[in-house]
>>> print(open('entry_36.cif').read())   # mmCIF, C-alpha atoms
data_data
loop_
_atom_site.label_atom_id
_atom_site.label_comp_id
_atom_site.auth_asym_id
_atom_site.auth_seq_id
_atom_site.Cartn_x
_atom_site.Cartn_y
_atom_site.Cartn_z
CA MET A 432 43.31 -40.82 51.60
CA LYS A 433 43.05 -40.93 55.40
CA LEU A 434 44.07 -44.30 56.84
CA ASN A 435 42.70 -44.87 60.32
CA ILE A 436 44.40 -47.97 61.77
CA ALA A 437 43.84 -49.66 65.13
CA LEU A 438 47.07 -51.34 66.25
CA LEU A 439 46.95 -54.35 68.59
CA PRO A 440 50.64 -55.17 69.23
CA GLY A 441 49.77 -57.86 71.78
CA ASP A 442 52.29 -60.19 73.39
CA GLY A 443 55.75 -61.68 72.86
CA ILE A 444 57.33 -60.40 69.68
CA GLY A 445 54.12 -58.59 68.75
CA PRO A 446 55.27 -55.10 69.78
CA GLU A 447 58.62 -55.52 67.98
CA ILE A 448 57.17 -56.55 64.63
CA THR A 449 54.36 -54.02 64.89
CA LYS A 450 56.91 -51.22 65.29
CA GLN A 451 58.70 -52.26 62.09
CA ALA A 452 55.47 -52.69 60.14
CA VAL A 453 54.21 -49.26 61.19
CA ALA A 454 57.50 -47.67 60.12
CA VAL A 455 57.02 -49.15 56.65
CA LEU A 456 53.38 -48.03 56.54
CA GLU A 457 54.37 -44.49 57.56
CA THR A 458 56.97 -44.38 54.78
CA VAL A 459 54.46 -45.53 52.16
CA ALA A 460 51.81 -43.10 53.38
CA GLN A 461 54.27 -40.22 53.08
CA LYS A 462 55.46 -41.40 49.68
CA PHE A 463 51.92 -41.49 48.25
CA GLY A 464 50.49 -38.52 50.15
CA HIS A 465 48.11 -40.38 52.48
CA GLU A 466 47.22 -39.23 55.99
CA LEU A 467 47.94 -41.98 58.51
CA HIS A 468 46.38 -42.13 61.97
CA CYS A 469 47.33 -45.08 64.21
CA THR A 470 46.18 -45.84 67.76
CA GLU A 471 47.38 -48.67 70.01
CA HIS A 472 45.09 -50.87 72.08
CA LEU A 473 45.37 -53.91 74.36
CA ILE A 474 44.62 -57.52 73.49
CA GLY A 475 45.73 -60.91 74.78
CA GLY A 476 48.01 -61.44 77.74
CA CYS A 477 49.02 -57.82 78.14
CA ALA A 478 45.32 -56.93 78.30
CA ILE A 479 44.79 -59.55 81.01
CA ASP A 480 47.65 -58.04 83.01
CA ALA A 481 46.28 -54.52 82.66
CA THR A 482 42.52 -55.05 82.84
CA GLY A 483 41.86 -58.67 83.83
CA HIS A 484 40.35 -59.54 80.43
CA PRO A 485 42.00 -60.47 77.10
CA LEU A 486 39.68 -58.22 75.08
CA PRO A 487 38.65 -54.98 76.81
CA GLN A 488 35.56 -53.24 75.49
CA ASP A 489 37.68 -50.17 74.68
CA THR A 490 39.65 -52.30 72.23
CA VAL A 491 36.51 -53.61 70.56
CA ASP A 492 35.10 -50.09 70.21
CA ALA A 493 38.36 -48.75 68.75
CA CYS A 494 38.58 -51.58 66.23
CA LYS A 495 34.99 -51.08 65.08
CA ALA A 496 35.68 -47.37 64.62
CA ALA A 497 38.86 -47.95 62.59
CA ASP A 498 39.22 -48.51 58.85
CA ALA A 499 41.43 -51.54 59.45
CA VAL A 500 43.08 -53.43 62.31
CA PHE A 501 46.64 -54.73 62.59
CA LEU A 502 47.37 -57.46 65.13
CA GLY A 503 50.88 -58.43 66.27
CA ALA A 504 50.47 -61.66 68.26
CA VAL A 505 48.79 -62.99 71.39
CA GLY A 506 49.67 -65.56 74.02
CA GLY A 507 52.63 -67.01 75.86
CA PRO A 508 53.48 -69.44 78.67
CA LYS A 509 52.95 -66.74 81.30
CA TRP A 510 49.19 -67.05 80.79
CA ASP A 511 48.87 -70.77 79.92
CA ASN A 512 47.28 -71.80 83.20
CA LEU A 513 44.62 -69.10 83.36
CA GLU A 514 40.96 -70.00 83.04
CA VAL A 515 40.54 -67.31 80.36
CA ARG A 516 43.58 -67.39 78.10
CA PRO A 517 44.91 -64.64 75.80
CA GLU A 518 43.67 -66.45 72.69
CA VAL A 519 40.11 -65.71 73.79
CA GLY A 520 40.85 -62.12 72.85
CA LEU A 521 41.71 -63.12 69.28
CA LEU A 522 38.56 -65.21 68.87
CA GLY A 523 36.55 -62.41 70.44
CA ILE A 524 37.76 -59.68 68.10
CA ARG A 525 37.10 -61.90 65.08
CA LYS A 526 33.53 -62.39 66.26
CA ALA A 527 33.03 -58.73 67.17
CA LEU A 528 34.15 -57.60 63.71
CA GLY A 529 32.20 -60.29 61.84
CA LEU A 530 35.32 -61.68 60.15
CA PHE A 531 34.09 -64.60 58.04
CA ALA A 532 36.94 -65.03 55.56
CA ASN A 533 40.62 -65.72 56.16
CA LEU A 534 43.06 -65.03 53.30
CA ARG A 535 46.37 -66.82 53.70
CA PRO A 536 48.89 -66.30 50.92
CA ALA A 537 51.61 -68.93 50.74
CA LYS A 538 54.23 -67.01 48.79
CA LEU A 539 57.80 -68.16 48.45
CA PHE A 540 60.07 -65.52 46.97
CA PRO A 541 62.47 -67.15 44.48
CA GLU A 542 65.33 -65.71 46.53
CA LEU A 543 64.30 -68.03 49.39
CA ALA A 544 63.83 -71.19 47.34
CA GLY A 545 66.64 -72.84 49.31
CA ALA A 546 64.58 -72.56 52.52
CA CYS A 547 61.68 -74.53 51.04
CA PHE A 548 61.14 -78.17 51.96
CA LEU A 549 60.15 -79.14 48.40
CA ARG A 550 62.49 -80.22 45.59
CA PRO A 551 64.43 -77.36 43.96
CA ASP A 552 62.95 -78.07 40.51
CA ILE A 553 59.45 -77.54 41.93
CA VAL A 554 60.13 -74.21 43.61
CA GLN A 555 62.93 -72.64 41.59
CA ASP A 556 60.55 -69.91 40.41
CA GLY A 557 58.91 -69.48 43.79
CA ILE A 558 55.40 -70.28 45.02
CA ASP A 559 52.36 -68.01 45.03
CA VAL A 560 49.13 -69.60 46.28
CA MET A 561 46.23 -67.90 48.07
CA VAL A 562 44.04 -69.97 50.41
CA VAL A 563 40.63 -68.46 51.17
CA ARG A 564 39.19 -70.15 54.27
CA GLU A 565 35.65 -69.73 55.60
CA LEU A 566 36.12 -68.68 59.22
CA THR A 567 32.83 -68.65 61.13
CA GLY A 568 30.90 -71.74 60.09
CA GLY A 569 31.39 -75.45 59.54
CA ILE A 570 32.19 -78.13 62.07
CA TYR A 571 33.89 -75.81 64.56
CA PHE A 572 30.65 -73.95 65.23
CA GLY A 573 27.88 -76.32 64.11
CA GLU A 574 25.24 -77.55 66.55
CA PRO A 575 24.67 -79.97 68.13
CA GLN A 576 28.11 -80.67 69.55
CA GLY A 577 29.24 -82.16 72.82
CA GLN A 578 30.05 -85.33 74.75
CA GLU A 579 27.70 -87.91 76.25
CA VAL A 580 27.46 -91.57 77.13
CA ARG A 581 25.90 -93.79 74.48
CA ASP A 582 25.43 -97.49 75.13
CA GLY A 583 27.82 -97.19 78.04
CA LEU A 584 30.58 -95.56 75.96
CA ARG A 585 31.84 -91.98 76.18
CA THR A 586 31.01 -90.38 72.84
CA GLY A 587 31.96 -87.05 71.32
CA TYR A 588 30.13 -85.45 68.40
CA ASN A 589 30.29 -82.36 66.19
CA THR A 590 28.11 -81.19 63.32
CA MET A 591 29.33 -79.77 60.02
CA VAL A 592 26.77 -77.22 58.88
CA TYR A 593 26.75 -74.58 56.14
CA ASN A 594 23.80 -72.76 54.67
CA GLU A 595 23.80 -71.43 51.13
CA ASP A 596 24.29 -67.80 52.17
CA GLU A 597 27.46 -68.69 54.11
CA VAL A 598 28.84 -70.56 51.09
CA ARG A 599 27.81 -67.86 48.65
CA ARG A 600 29.56 -65.02 50.47
CA ILE A 601 32.88 -66.87 50.84
CA ALA A 602 32.67 -68.07 47.22
CA ARG A 603 32.03 -64.56 45.96
CA LEU A 604 35.00 -63.20 47.92
CA ALA A 605 37.19 -66.00 46.53
CA PHE A 606 36.13 -65.22 42.97
CA GLU A 607 36.86 -61.52 43.57
CA THR A 608 40.29 -62.49 44.90
CA ALA A 609 40.94 -64.64 41.83
CA MET A 610 39.96 -61.71 39.59
CA LYS A 611 42.84 -59.72 41.11
CA ARG A 612 45.31 -62.54 40.46
CA ASP A 613 45.55 -65.18 37.70
CA LYS A 614 41.78 -65.79 37.43
CA ARG A 615 41.93 -69.44 38.52
CA LEU A 616 39.93 -70.77 41.47
CA CYS A 617 39.95 -74.28 42.93
CA SER A 618 37.11 -75.13 45.32
CA VAL A 619 38.05 -77.87 47.79
CA ASP A 620 35.42 -80.08 49.41
CA LYS A 621 34.53 -83.72 50.15
CA ALA A 622 31.45 -83.95 47.95
CA ASN A 623 31.91 -87.69 47.37
CA VAL A 624 31.06 -88.29 51.05
CA LEU A 625 29.52 -85.23 52.73
CA GLU A 626 26.10 -83.70 52.04
CA VAL A 627 27.36 -80.33 53.24
CA SER A 628 30.09 -80.49 50.58
CA ARG A 629 27.53 -81.27 47.89
CA LEU A 630 25.69 -78.09 48.81
CA TRP A 631 29.01 -76.24 48.91
CA ARG A 632 29.89 -77.37 45.39
CA THR A 633 26.45 -76.51 44.01
CA VAL A 634 26.48 -72.98 45.42
CA VAL A 635 30.07 -72.34 44.28
CA GLU A 636 29.06 -73.33 40.75
CA GLU A 637 26.09 -70.96 40.92
CA VAL A 638 28.36 -68.08 41.95
CA ALA A 639 30.76 -69.02 39.14
CA THR A 640 28.20 -67.85 36.57
CA GLU A 641 28.80 -64.29 37.83
CA TYR A 642 32.53 -64.58 37.05
CA PRO A 643 32.88 -66.04 33.53
CA GLU A 644 36.52 -64.88 33.36
CA VAL A 645 37.54 -67.12 36.26
CA GLU A 646 38.43 -70.75 35.55
CA LEU A 647 36.77 -72.87 38.26
CA SER A 648 37.90 -76.36 39.25
CA HIS A 649 37.04 -78.72 42.11
CA LEU A 650 39.18 -81.09 44.18
CA TYR A 651 38.43 -83.41 47.07
CA VAL A 652 40.36 -82.30 50.13
CA ASP A 653 42.59 -85.39 50.33
CA ASN A 654 43.69 -84.93 46.72
CA ALA A 655 44.16 -81.18 47.27
CA ALA A 656 46.49 -81.87 50.21
CA MET A 657 48.58 -84.16 48.02
CA GLN A 658 48.63 -81.76 45.06
CA LEU A 659 49.80 -78.87 47.24
CA VAL A 660 52.96 -80.80 48.02
CA ARG A 661 53.39 -82.33 44.57
CA ASP A 662 52.96 -79.14 42.53
CA PRO A 663 51.81 -76.04 44.46
CA ASN A 664 52.07 -73.77 41.45
CA GLN A 665 49.16 -75.51 39.76
CA PHE A 666 47.00 -73.46 42.15
CA ASP A 667 46.20 -69.77 42.09
CA VAL A 668 43.36 -69.36 44.62
CA ILE A 669 41.90 -72.14 46.77
CA VAL A 670 38.54 -71.68 48.53
CA THR A 671 37.32 -74.10 51.16
CA GLY A 672 35.47 -74.49 54.44
CA ASN A 673 36.66 -73.93 57.97
CA LEU A 674 38.04 -77.38 58.82
CA PHE A 675 39.64 -78.09 55.46
CA GLY A 676 40.95 -74.54 55.26
CA ASP A 677 42.54 -74.80 58.69
CA ILE A 678 44.56 -77.80 57.52
CA LEU A 679 45.36 -76.72 53.96
CA SER A 680 46.41 -73.18 54.87
CA ASP A 681 48.89 -74.54 57.42
CA GLU A 682 50.19 -77.04 54.87
CA ALA A 683 50.57 -74.30 52.27
CA ALA A 684 52.40 -72.18 54.82
CA VAL A 685 54.90 -74.79 55.94
CA ILE A 686 56.01 -75.73 52.43
CA THR A 687 57.35 -72.22 51.94
CA GLY A 688 60.04 -72.90 54.54
CA SER A 689 59.44 -70.14 57.09
CA ILE A 690 56.27 -68.89 58.75
CA GLY A 691 58.23 -65.73 59.51
CA MET A 692 57.49 -64.62 55.94
CA LEU A 693 53.75 -65.18 55.77
CA PRO A 694 51.00 -62.58 56.27
CA SER A 695 47.24 -63.05 56.55
CA ALA A 696 43.98 -61.13 56.31
CA SER A 697 40.61 -61.77 57.93
CA LEU A 698 37.75 -59.95 56.21
CA SER A 699 34.12 -59.11 56.90
CA SER A 700 31.25 -58.19 54.60
CA GLY A 701 32.25 -54.66 53.69
CA GLY A 702 33.46 -53.83 57.20
CA VAL A 703 36.78 -53.67 59.01
CA GLY A 704 39.52 -56.15 58.06
CA LEU A 705 42.09 -57.56 60.47
CA TYR A 706 45.66 -58.22 59.32
CA GLU A 707 48.30 -60.26 61.12
CA PRO A 708 51.42 -62.37 60.54
CA ILE A 709 50.75 -66.05 61.11
CA HIS A 710 53.84 -66.84 63.20
CA GLY A 711 52.47 -66.21 66.68
CA SER A 712 54.05 -64.56 69.70
CA ALA A 713 57.36 -66.53 69.79
CA PRO A 714 58.00 -65.73 73.48
CA ASP A 715 61.35 -67.54 73.39
CA ILE A 716 62.88 -64.75 71.29
CA ALA A 717 60.81 -61.79 72.50
CA GLY A 718 62.86 -58.71 73.33
CA GLN A 719 65.99 -60.02 71.61
CA ASP A 720 65.57 -58.29 68.22
CA LYS A 721 65.57 -61.68 66.49
CA ALA A 722 62.00 -61.65 65.15
CA ASN A 723 61.56 -61.47 61.39
CA PRO A 724 59.35 -58.43 60.67
CA LEU A 725 58.69 -59.28 57.02
CA ALA A 726 55.43 -61.18 57.64
CA SER A 727 54.04 -58.18 59.51
CA ILE A 728 55.28 -55.80 56.80
CA LEU A 729 53.64 -57.97 54.13
CA SER A 730 50.45 -57.99 56.23
CA MET A 731 50.45 -54.19 55.94
CA ALA A 732 50.67 -54.62 52.17
CA MET A 733 47.59 -56.86 52.32
CA MET A 734 45.83 -54.19 54.38
CA LEU A 735 46.47 -51.56 51.73
CA ARG A 736 45.27 -53.92 48.99
CA TYR A 737 42.12 -55.35 50.58
CA SER A 738 40.88 -52.65 52.98
CA PHE A 739 41.85 -49.54 51.00
CA ASN A 740 42.11 -50.85 47.42
CA LEU A 741 45.56 -49.27 47.16
CA GLU A 742 47.18 -51.75 44.82
CA ASP A 743 50.18 -49.59 43.88
CA GLU A 744 51.06 -48.95 47.53
CA ALA A 745 50.77 -52.66 48.35
CA GLN A 746 52.96 -53.60 45.42
CA VAL A 747 55.76 -51.18 46.29
CA ILE A 748 56.00 -52.78 49.76
CA GLU A 749 56.17 -56.28 48.29
CA ASP A 750 58.74 -55.16 45.72
CA ALA A 751 60.85 -53.53 48.45
CA VAL A 752 60.82 -56.74 50.49
CA GLN A 753 61.90 -58.72 47.46
CA ARG A 754 64.76 -56.32 46.70
CA VAL A 755 66.01 -56.63 50.28
CA LEU A 756 65.97 -60.42 49.97
CA ARG A 757 67.60 -60.28 46.54
CA ALA A 758 70.44 -58.28 48.10
CA GLY A 759 71.08 -61.24 50.39
CA HIS A 760 69.77 -59.86 53.67
CA ARG A 761 68.36 -62.48 56.05
CA THR A 762 67.02 -62.78 59.57
CA GLY A 763 67.85 -65.91 61.53
CA ASP A 764 64.75 -67.90 60.51
CA ILE A 765 65.53 -67.61 56.78
CA ALA A 766 69.34 -67.60 56.96
CA ALA A 767 71.30 -70.34 55.22
CA ALA A 768 74.67 -71.73 56.28
CA GLY A 769 77.27 -68.99 56.03
CA ASP A 770 74.75 -66.13 56.15
CA PHE A 771 75.13 -63.42 58.75
CA PRO A 772 71.62 -63.02 60.21
CA LEU A 773 70.31 -59.52 60.83
CA GLY A 774 68.16 -58.34 63.71
CA GLY A 775 64.52 -57.57 63.11
CA SER A 776 64.98 -53.81 63.48
CA LYS A 777 67.75 -53.78 60.87
CA MET A 778 65.66 -55.82 58.45
CA GLY A 779 62.74 -53.42 58.89
CA GLN A 780 65.01 -50.43 58.32
CA LEU A 781 66.32 -51.95 55.09
CA VAL A 782 62.76 -52.16 53.76
CA VAL A 783 62.14 -48.54 54.77
CA ASP A 784 65.36 -47.54 53.01
CA GLU A 785 64.26 -49.30 49.82
CA LEU A 786 60.93 -47.48 49.93
CA SER A 787 62.67 -44.16 50.48
CA ASN A 788 64.97 -44.50 47.47
#
>>> encode(input="entry_36.cif", output="structure tokens")
Amino acid sequence: MKLNIALLPGDGIGPEITKQAVAVLETVAQKFGHELHCTEHLIGGCAIDATGHPLPQDTVDACKAADAVFLGAVGGPKWDNLEVRPEVGLLGIRKALGLFANLRPAKLFPELAGACFLRPDIVQDGIDVMVVRELTGGIYFGEPQGQEVRDGLRTGYNTMVYNEDEVRRIARLAFETAMKRDKRLCSVDKANVLEVSRLWRTVVEEVATEYPEVELSHLYVDNAAMQLVRDPNQFDVIVTGNLFGDILSDEAAVITGSIGMLPSASLSSGGVGLYEPIHGSAPDIAGQDKANPLASILSMAMMLRYSFNLEDEAQVIEDAVQRVLRAGHRTGDIAAAGDFPLGGSKMGQLVVDELSN
């Protein structure tokens, strides 16, 4: 298979982690006989410096022409005071590619159980939860929204809106995701209060009839937030709207102990997917070889799984990462007392070595 990848290394540690992730991808492509073609393009602060805009049209065109997109990170204090900030580039590429679904796995390898904030008895076997968040609708985008004076008081307002097609497409993707895992899906809403959640629940139940093998459950968002901390392994896949997903995916991420280990995918309806680690640009450690490349490497595994349907290739990357961790290798963000932390380039090379064996 020919894999045509648009690389957007971006800012801060983005170029460092992208380099390590691409090295892993090249090794896997060679191992399985795939033809890999990667091109680099500008986004974020570096794009502002070079072109005056965080998302040049050349980048948009290249991403639309690619099979998949890998993003390193955008932003940093250098550009904080600009009228158009680097993050506009990230929002822009999501819109340009029609990315409506964000997949955020919260996976804690058992080897890193000591880094988790939860009790050891809860996480001794690791954590493996997938949060599927609707990305383009809901209260962040609903109209009307704004600020005005009402009865002499400054008043802000937003509108939570979903139509049935928006719910149906995210529900169907979540059911498909569950079919590739443990076939359990929990839909999170606030149907006891919100009309939009009542529609959400109705449509999800309609889609469920297409997937009789998947066990569907429902939770109100406040209870779901509590259950994620109390017993995360009761969940397999969680599907929810934009606002609730924003909160729950960050909660699921933080309980694993290090955001340096967590990948993500943003998907469209049959088009190009965008893959990125969730940790951001970390400008305080940029250029020091301290950045953990494992989230970016695991994002490449997600790319192979969801954009190319190459399950075996994705699994060998994840297995290689786990073997490196099992051997006791750690970067600074996941090191325990007494560990000797490795640089990001060394950690990436260890994964490549495992894949080459």
>>> resolve_selection(input="entry_36.cif", expression="the PyMOL selection byres ((chain A and resi 640-648) around 9)", output="count of residues only")
18
>>> resolve_selection(input="entry_36.cif", expression="the PyMOL selection byres ((chain A and resi 651) around 6)", output="list of chain:residue names")
A:Val619, A:Asp620, A:Lys621, A:Leu650, A:Val652, A:Asp653, A:Asn654
>>> atom_distance(input="entry_36.cif", atom1="CA of Glu574 (chain A)", atom2="CA of Ser699 (chain A)")
22.6 Å
>>> resolve_selection(input="entry_36.cif", expression="the PyMOL selection byres ((chain A and resi 554) around 10)", output="MDAnalysis selection string")
chainID A and resid 539:541 543:545 547:553 555:558 662:664 686:687
>>> residues_near_point(input="entry_36.cif", point="(43.7, -81.8, 55.6)", cutoff="10 Å", atoms="only C-alpha atoms", output="list in words")
Val652, Asp653, Asn654, Ala655, Ala656, Met657, Leu674, Phe675, Gly676, Asp677, Ile678, Leu679, Ser680, Asp681 and Glu682 of chain A
>>> closest_residue(input="entry_36.cif", among="A:Pro517, A:Gly529, A:Gly688, A:Pro714", to="Ser700 (chain A)", atoms="all atoms listed in the file")
A:Gly529
>>> build_atoms(input="entry_36.cif", residues="region 557-572 of chain A", atoms="N, CA and C atoms", output="tab-separated table (two decimals), in the coordinates of the input")
chain	number	residue	atom	x	y	z
A	557	GLY	N	59.73	-69.94	42.69
A	557	GLY	CA	58.91	-69.48	43.79
A	557	GLY	C	57.55	-70.15	43.85
A	558	ILE	N	56.76	-69.78	44.84
A	558	ILE	CA	55.40	-70.28	45.02
A	558	ILE	C	54.51	-69.07	45.31
A	559	ASP	N	53.30	-69.10	44.76
A	559	ASP	CA	52.36	-68.01	45.03
A	559	ASP	C	50.94	-68.57	44.99
A	560	VAL	N	50.46	-69.02	46.14
A	560	VAL	CA	49.13	-69.60	46.28
A	560	VAL	C	48.36	-68.81	47.33
A	561	MET	N	47.09	-68.57	47.09
A	561	MET	CA	46.23	-67.90	48.07
A	561	MET	C	45.15	-68.88	48.54
A	562	VAL	N	45.09	-69.13	49.84
A	562	VAL	CA	44.04	-69.97	50.41
A	562	VAL	C	43.00	-69.07	51.05
A	563	VAL	N	41.75	-69.22	50.61
A	563	VAL	CA	40.63	-68.46	51.17
A	563	VAL	C	39.80	-69.44	52.01
A	564	ARG	N	39.83	-69.23	53.31
A	564	ARG	CA	39.19	-70.15	54.27
A	564	ARG	C	37.96	-69.49	54.90
A	565	GLU	N	36.83	-70.19	54.88
A	565	GLU	CA	35.65	-69.73	55.60
A	565	GLU	C	35.95	-69.84	57.10
A	566	LEU	N	35.59	-68.82	57.87
A	566	LEU	CA	36.12	-68.68	59.22
A	566	LEU	C	35.09	-68.82	60.34
A	567	THR	N	33.82	-68.72	60.04
A	567	THR	CA	32.83	-68.65	61.13
A	567	THR	C	31.80	-69.76	61.12
A	568	GLY	N	31.88	-70.67	60.17
A	568	GLY	CA	30.90	-71.74	60.09
A	568	GLY	C	31.56	-73.11	60.13
A	569	GLY	N	30.83	-74.11	59.62
A	569	GLY	CA	31.39	-75.45	59.54
A	569	GLY	C	31.39	-76.18	60.86
A	570	ILE	N	32.22	-77.21	60.94
A	570	ILE	CA	32.19	-78.13	62.07
A	570	ILE	C	32.66	-77.51	63.37
A	571	TYR	N	33.43	-76.44	63.33
A	571	TYR	CA	33.89	-75.81	64.56
A	571	TYR	C	32.76	-75.12	65.32
A	572	PHE	N	31.72	-74.73	64.61
A	572	PHE	CA	30.65	-73.95	65.23
A	572	PHE	C	29.27	-74.62	65.12
